[in-house]
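> The structure file run.pdb (PDB, C-alpha atoms) is provided below.
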```pdb
MODEL        1
ATOM      1  CA  MET A 109       5.640 -13.626-100.548
ATOM      2  CA  ALA A 110       5.964 -10.032 -99.554
ATOM      3  CA  SER A 111       2.217  -9.617 -99.415
ATOM      4  CA  SER A 112       1.724 -12.711 -97.235
ATOM      5  CA  LEU A 113       4.547 -11.542 -95.021
ATOM      6  CA  ALA A 114       2.971  -8.086 -94.731
ATOM      7  CA  SER A 115      -0.390  -9.591 -93.851
ATOM      8  CA  SER A 116       1.308 -11.811 -91.201
ATOM      9  CA  VAL A 117       3.071  -8.768 -89.732
ATOM     10  CA  ALA A 118      -0.213  -6.843 -89.702
ATOM     11  CA  SER A 119      -2.000  -9.773 -88.069
ATOM     12  CA  LEU A 120       0.801 -10.078 -85.494
ATOM     13  CA  GLN A 121       0.603  -6.322 -84.891
ATOM     14  CA  ASN A 122      -3.182  -6.648 -84.245
ATOM     15  CA  CYS A 123      -2.548  -9.533 -81.853
ATOM     16  CA  CYS A 124       0.064  -7.495 -79.961
ATOM     17  CA  ASP A 125      -2.319  -4.519 -79.715
ATOM     18  CA  LEU A 126      -5.068  -6.846 -78.473
ATOM     19  CA  VAL A 127      -2.707  -8.380 -75.883
ATOM     20  CA  ASP A 128      -1.598  -4.846 -74.758
ATOM     21  CA  SER A 129      -5.237  -3.818 -74.432
ATOM     22  CA  SER A 130      -6.032  -6.981 -72.409
ATOM     23  CA  ILE A 131      -3.007  -6.380 -70.178
ATOM     24  CA  GLN A 132      -4.106  -2.785 -69.617
ATOM     25  CA  ILE A 133      -7.639  -3.916 -68.670
ATOM     26  CA  LEU A 134      -6.301  -6.606 -66.309
ATOM     27  CA  ASP A 135      -3.809  -4.151 -64.810
ATOM     28  CA  ASP A 136      -6.619  -1.658 -64.088
ATOM     29  CA  GLY A 137      -8.670  -4.418 -62.452
ATOM     30  CA  VAL A 138      -5.793  -5.796 -60.383
ATOM     31  CA  ASN A 139      -4.466  -2.372 -59.238
ATOM     32  CA  ASP A 140      -7.766  -1.741 -57.438
ATOM     33  CA  PHE A 141      -7.740  -5.210 -55.804
ATOM     34  CA  PRO A 142      -6.371  -4.180 -52.300
ATOM     35  CA  ARG A 143      -9.006  -1.452 -51.999
ATOM     36  CA  MET A 144     -11.725  -3.820 -53.161
ATOM     37  CA  ALA A 145     -10.563  -6.456 -50.656
ATOM     38  CA  ARG A 146     -10.875  -3.889 -47.850
ATOM     39  CA  VAL A 147     -14.298  -2.728 -49.042
ATOM     40  CA  LEU A 148     -15.649  -6.226 -49.381
ATOM     41  CA  GLN A 149     -14.195  -7.437 -46.069
ATOM     42  CA  THR A 150     -16.863  -7.922 -43.410
ATOM     43  CA  THR A 151     -16.356  -6.195 -40.088
ATOM     44  CA  ARG A 152     -17.880  -7.399 -36.846
ATOM     45  CA  HIS A 153     -19.235  -4.469 -34.921
ATOM     46  CA  PHE A 154     -20.752  -6.539 -32.121
ATOM     47  CA  GLU A 155     -19.376  -9.820 -31.000
ATOM     48  CA  LEU A 156     -21.916 -12.252 -29.692
ATOM     49  CA  LEU A 157     -20.804 -14.472 -26.859
ATOM     50  CA  PRO A 158     -22.537 -17.557 -25.580
ATOM     51  CA  GLU A 159     -24.397 -17.211 -22.276
ATOM     52  CA  PRO A 160     -22.199 -19.694 -20.337
ATOM     53  CA  THR A 161     -19.118 -17.611 -21.215
ATOM     54  CA  ILE A 162     -20.810 -14.490 -19.877
ATOM     55  CA  ARG A 163     -21.820 -16.285 -16.658
ATOM     56  CA  GLU A 164     -18.255 -17.536 -16.172
ATOM     57  CA  ALA A 165     -16.928 -13.983 -16.590
ATOM     58  CA  GLN A 166     -19.481 -12.691 -14.058
ATOM     59  CA  GLN A 167     -18.520 -15.383 -11.532
ATOM     60  CA  SER A 168     -14.838 -14.590 -12.051
ATOM     61  CA  LEU A 169     -15.433 -10.875 -11.393
ATOM     62  CA  LEU A 170     -17.543 -11.702  -8.357
ATOM     63  CA  GLY A 171     -14.769 -13.927  -7.005
ATOM     64  CA  GLU A 172     -12.209 -11.124  -7.430
ATOM     65  CA  ILE A 173     -14.348  -8.325  -5.981
ATOM     66  CA  THR A 174     -15.973 -10.064  -2.987
ATOM     67  CA  PRO A 175     -12.813 -10.339  -0.789
ATOM     68  CA  SER A 176     -11.933  -6.693  -1.429
ATOM     69  CA  ILE A 177     -15.423  -5.548  -0.488
ATOM     70  CA  ALA A 178     -15.385  -7.670   2.678
ATOM     71  CA  HIS A 179     -11.993  -6.235   3.646
ATOM     72  CA  LEU A 180     -13.170  -2.650   3.096
ATOM     73  CA  LEU A 181     -16.338  -3.288   5.115
ATOM     74  CA  SER A 182     -14.323  -4.688   8.024
ATOM     75  CA  LEU A 183     -12.006  -1.656   7.939
ATOM     76  CA  ALA A 184     -14.998   0.683   7.958
ATOM     77  CA  SER A 185     -16.700  -1.130  10.858
ATOM     78  CA  ASN A 186     -13.454  -1.136  12.875
ATOM     79  CA  HIS A 187     -13.080   2.596  12.303
ATOM     80  CA  VAL A 188     -16.702   3.228  13.346
ATOM     81  CA  GLU A 189     -16.173   1.189  16.526
ATOM     82  CA  LYS A 190     -12.988   3.090  17.270
ATOM     83  CA  LEU A 191     -14.813   6.391  16.856
ATOM     84  CA  SER A 192     -17.662   5.231  19.092
ATOM     85  CA  ARG A 193     -15.178   4.203  21.817
ATOM     86  CA  ARG A 194     -13.504   7.592  21.493
ATOM     87  CA  GLU A 195     -16.886   9.295  21.765
ATOM     88  CA  GLN A 196     -17.685   7.326  24.931
ATOM     89  CA  GLY A 197     -14.331   8.278  26.402
ATOM     90  CA  LEU A 198     -14.915  11.936  25.610
ATOM     91  CA  ARG A 199     -18.393  11.782  27.146
ATOM     92  CA  ALA A 200     -16.957  10.229  30.327
ATOM     93  CA  LYS A 201     -14.261  12.889  30.442
ATOM     94  CA  CYS A 202     -16.890  15.594  29.975
ATOM     95  CA  GLU A 203     -18.972  14.188  32.840
ATOM     96  CA  LEU A 204     -15.891  14.098  35.050
ATOM     97  CA  GLN A 205     -15.012  17.701  34.194
ATOM     98  CA  GLU A 206     -18.602  18.807  34.858
ATOM     99  CA  GLY A 207     -18.439  17.110  38.262
ATOM    100  CA  ARG A 208     -15.194  18.882  39.057
ATOM    101  CA  LEU A 209     -16.635  22.202  37.925
ATOM    102  CA  ASN A 210     -19.758  21.770  40.062
ATOM    103  CA  SER A 211     -17.657  20.791  43.058
ATOM    104  CA  SER A 212     -15.358  23.803  42.661
ATOM    105  CA  GLU A 213     -18.433  26.067  42.490
ATOM    106  CA  ARG A 214     -19.756  24.539  45.713
ATOM    107  CA  GLN A 215     -16.372  24.940  47.340
ATOM    108  CA  SER A 216     -16.076  28.609  46.343
ATOM    109  CA  SER A 217     -19.553  29.370  47.718
ATOM    110  CA  SER A 218     -18.726  27.628  51.020
ATOM    111  CA  SER A 219     -15.474  29.605  51.363
ATOM    112  CA  GLY A 220     -17.443  32.829  50.851
ATOM    113  CA  SER A 221     -19.736  31.978  53.774
ATOM    114  CA  ALA A 222     -16.686  31.155  55.909
ATOM    115  CA  ARG A 223     -15.290  34.635  55.213
ATOM    116  CA  GLU A 224     -18.519  36.201  56.404
ATOM    117  CA  GLN A 225     -18.333  34.246  59.633
ATOM    118  CA  ARG A 226     -14.698  35.258  60.201
ATOM    119  CA  SER A 227     -15.401  38.954  59.824
ATOM    120  CA  SER A 228     -17.896  38.861  62.661
ATOM    121  CA  THR A 229     -15.580  37.141  65.195
ATOM    122  CA  PRO A 230     -13.001  38.947  67.295
ATOM    123  CA  ARG A 231      -9.362  39.154  66.163
ATOM    124  CA  ALA A 232      -7.886  36.419  68.396
ATOM    125  CA  LEU A 233     -10.617  33.966  67.545
ATOM    126  CA  ALA A 234     -10.208  34.942  63.937
ATOM    127  CA  GLN A 235      -6.569  33.823  63.866
ATOM    128  CA  VAL A 236      -7.355  30.461  65.459
ATOM    129  CA  SER A 237     -10.376  29.891  63.294
ATOM    130  CA  GLU A 238      -8.407  31.046  60.245
ATOM    131  CA  ALA A 239      -5.780  28.357  60.830
ATOM    132  CA  LYS A 240      -8.513  25.786  61.339
ATOM    133  CA  ALA A 241     -10.300  27.040  58.211
ATOM    134  CA  LEU A 242      -7.085  26.687  56.189
ATOM    135  CA  GLU A 243      -6.593  23.179  57.513
ATOM    136  CA  TYR A 244     -10.245  22.403  56.843
ATOM    137  CA  ARG A 245     -10.007  23.777  53.265
ATOM    138  CA  ARG A 246      -6.851  21.770  52.649
ATOM    139  CA  LEU A 247      -8.544  18.599  53.873
ATOM    140  CA  VAL A 248     -11.671  19.316  51.797
ATOM    141  CA  GLN A 249      -9.533  19.855  48.709
ATOM    142  CA  LYS A 250      -7.651  16.629  49.375
ATOM    143  CA  LYS A 251     -10.970  14.826  49.828
ATOM    144  CA  GLU A 252     -12.245  16.265  46.521
ATOM    145  CA  ARG A 253      -9.047  15.246  44.703
ATOM    146  CA  LEU A 254      -9.340  11.726  46.065
ATOM    147  CA  ARG A 255     -13.034  11.559  45.117
ATOM    148  CA  TYR A 256     -12.199  12.709  41.578
ATOM    149  CA  ALA A 257      -9.411  10.145  41.359
ATOM    150  CA  VAL A 258     -11.829   7.421  42.477
ATOM    151  CA  GLU A 259     -14.469   8.586  39.959
ATOM    152  CA  ARG A 260     -11.881   8.657  37.187
ATOM    153  CA  LEU A 261     -10.655   5.179  38.065
ATOM    154  CA  GLU A 262     -14.256   3.896  38.167
ATOM    155  CA  LEU A 263     -14.944   5.407  34.738
ATOM    156  CA  GLN A 264     -11.745   3.911  33.367
ATOM    157  CA  SER A 265     -12.706   0.568  34.866
ATOM    158  CA  THR A 266     -16.172   0.614  33.254
ATOM    159  CA  GLN A 267     -14.678   1.713  29.950
ATOM    160  CA  ARG A 268     -12.138  -1.122  30.038
ATOM    161  CA  GLU A 269     -14.913  -3.571  30.898
ATOM    162  CA  ARG A 270     -16.874  -2.368  27.861
ATOM    163  CA  GLN A 271     -13.814  -2.714  25.654
ATOM    164  CA  LEU A 272     -13.173  -6.198  27.000
ATOM    165  CA  ARG A 273     -16.796  -7.203  26.337
ATOM    166  CA  LYS A 274     -16.574  -5.834  22.803
ATOM    167  CA  SER A 275     -13.306  -7.605  22.104
ATOM    168  CA  MET A 276     -14.751 -10.848  23.481
ATOM    169  CA  ALA A 277     -17.832 -10.407  21.283
ATOM    170  CA  PHE A 278     -15.682 -10.080  18.153
ATOM    171  CA  GLN A 279     -13.717 -13.220  18.915
TER
ENDMDL
END
```
Take the structure in this file and express it as structure tokens.

Amino acid sequence: MASSLASSVASLQNCCDLVDSSIQILDDGVNDFPRMARVLQTTRHFELLPEPTIREAQQSLLGEITPSIAHLLSLASNHVEKLSRREQGLRAKCELQEGRLNSSERQSSSSGSAREQRSSTPRALAQVSEAKALEYRRLVQKKERLRYAVERLELQSTQRERQLRKSMAFQ
């Protein structure tokens, strides 16, 4: 009986060694499973979309962008119009100033000729003519001021007419 028991123990020992070896092999295979799952997993580098989906996305973007672009264009055109009106106003002002400058040059040259005439007259006539010359100069200056005021008002009137026409054209 001892020999059959010894052979059973030996056989059981071999079975246990075989089971330990199998467990070790399975353990080695299973320990590497998460890494193998990651390696074998397929990754999509490029995602293909159907053409209708792309067209819908394009239409959506177009719908979002179009009002903003229209608003920015209207702001830009309003600013350009404002600058052009300002330019016209500055041009009118420049023309008015040039007119005033030319008139003051004419006036200074006419006063120089009046001085020459006064120096040739006798003293008594000079005093009378000097008073008349002062009155005449004052009246000429008043006339020039009134003419400039009329020119300025005419320019303002034409500018307002232009602005009114432009505003009527936009409505």
> Pick the closest to Arg268 of chain A from A:Gly197, A:Val188, A:Ser176, A:Ser130: which is it, counting all atoms listed in the file?
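The answer is A:Gly197, which sits nearest to Arg268 of chain A.
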> Could you work out how far atom CA of Ile173 of chain A lies from atom CA of Leu157 of chain A, giving the answer in Å with one decimal?
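These two atoms are separated by 22.7 Å.
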> Using atom CA of Lys250 of chain A and atom CA of Glu238 of chain A as the two end points, give the distance in Å to one decimal.
18.1 Å
> What is the distance between atom CA of Gln215 of chain A and atom CA of Thr266 of chain A, in Å to one decimal?
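If I compute the distance from atom CA of Gln215 of chain A to atom CA of Thr266 of chain A, I get 28.1 Å.
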> Specify as a ChimeraX atom specification each residue included when the PyMOL selection byres ((chain A and resi 200) around 12) is applied to this file.
/A:193-199,201-207,259-267
> Around segment 237-243 of chain A, with edges along x, y and z and 5 Å added on all six sides, what centre and edge lengths do you get, in Å to one decimal, as JSON?

```
{"center_x": -8.1, "center_y": 27.1, "center_z": 59.7, "size_x": 14.6, "size_y": 17.9, "size_z": 17.1}
```
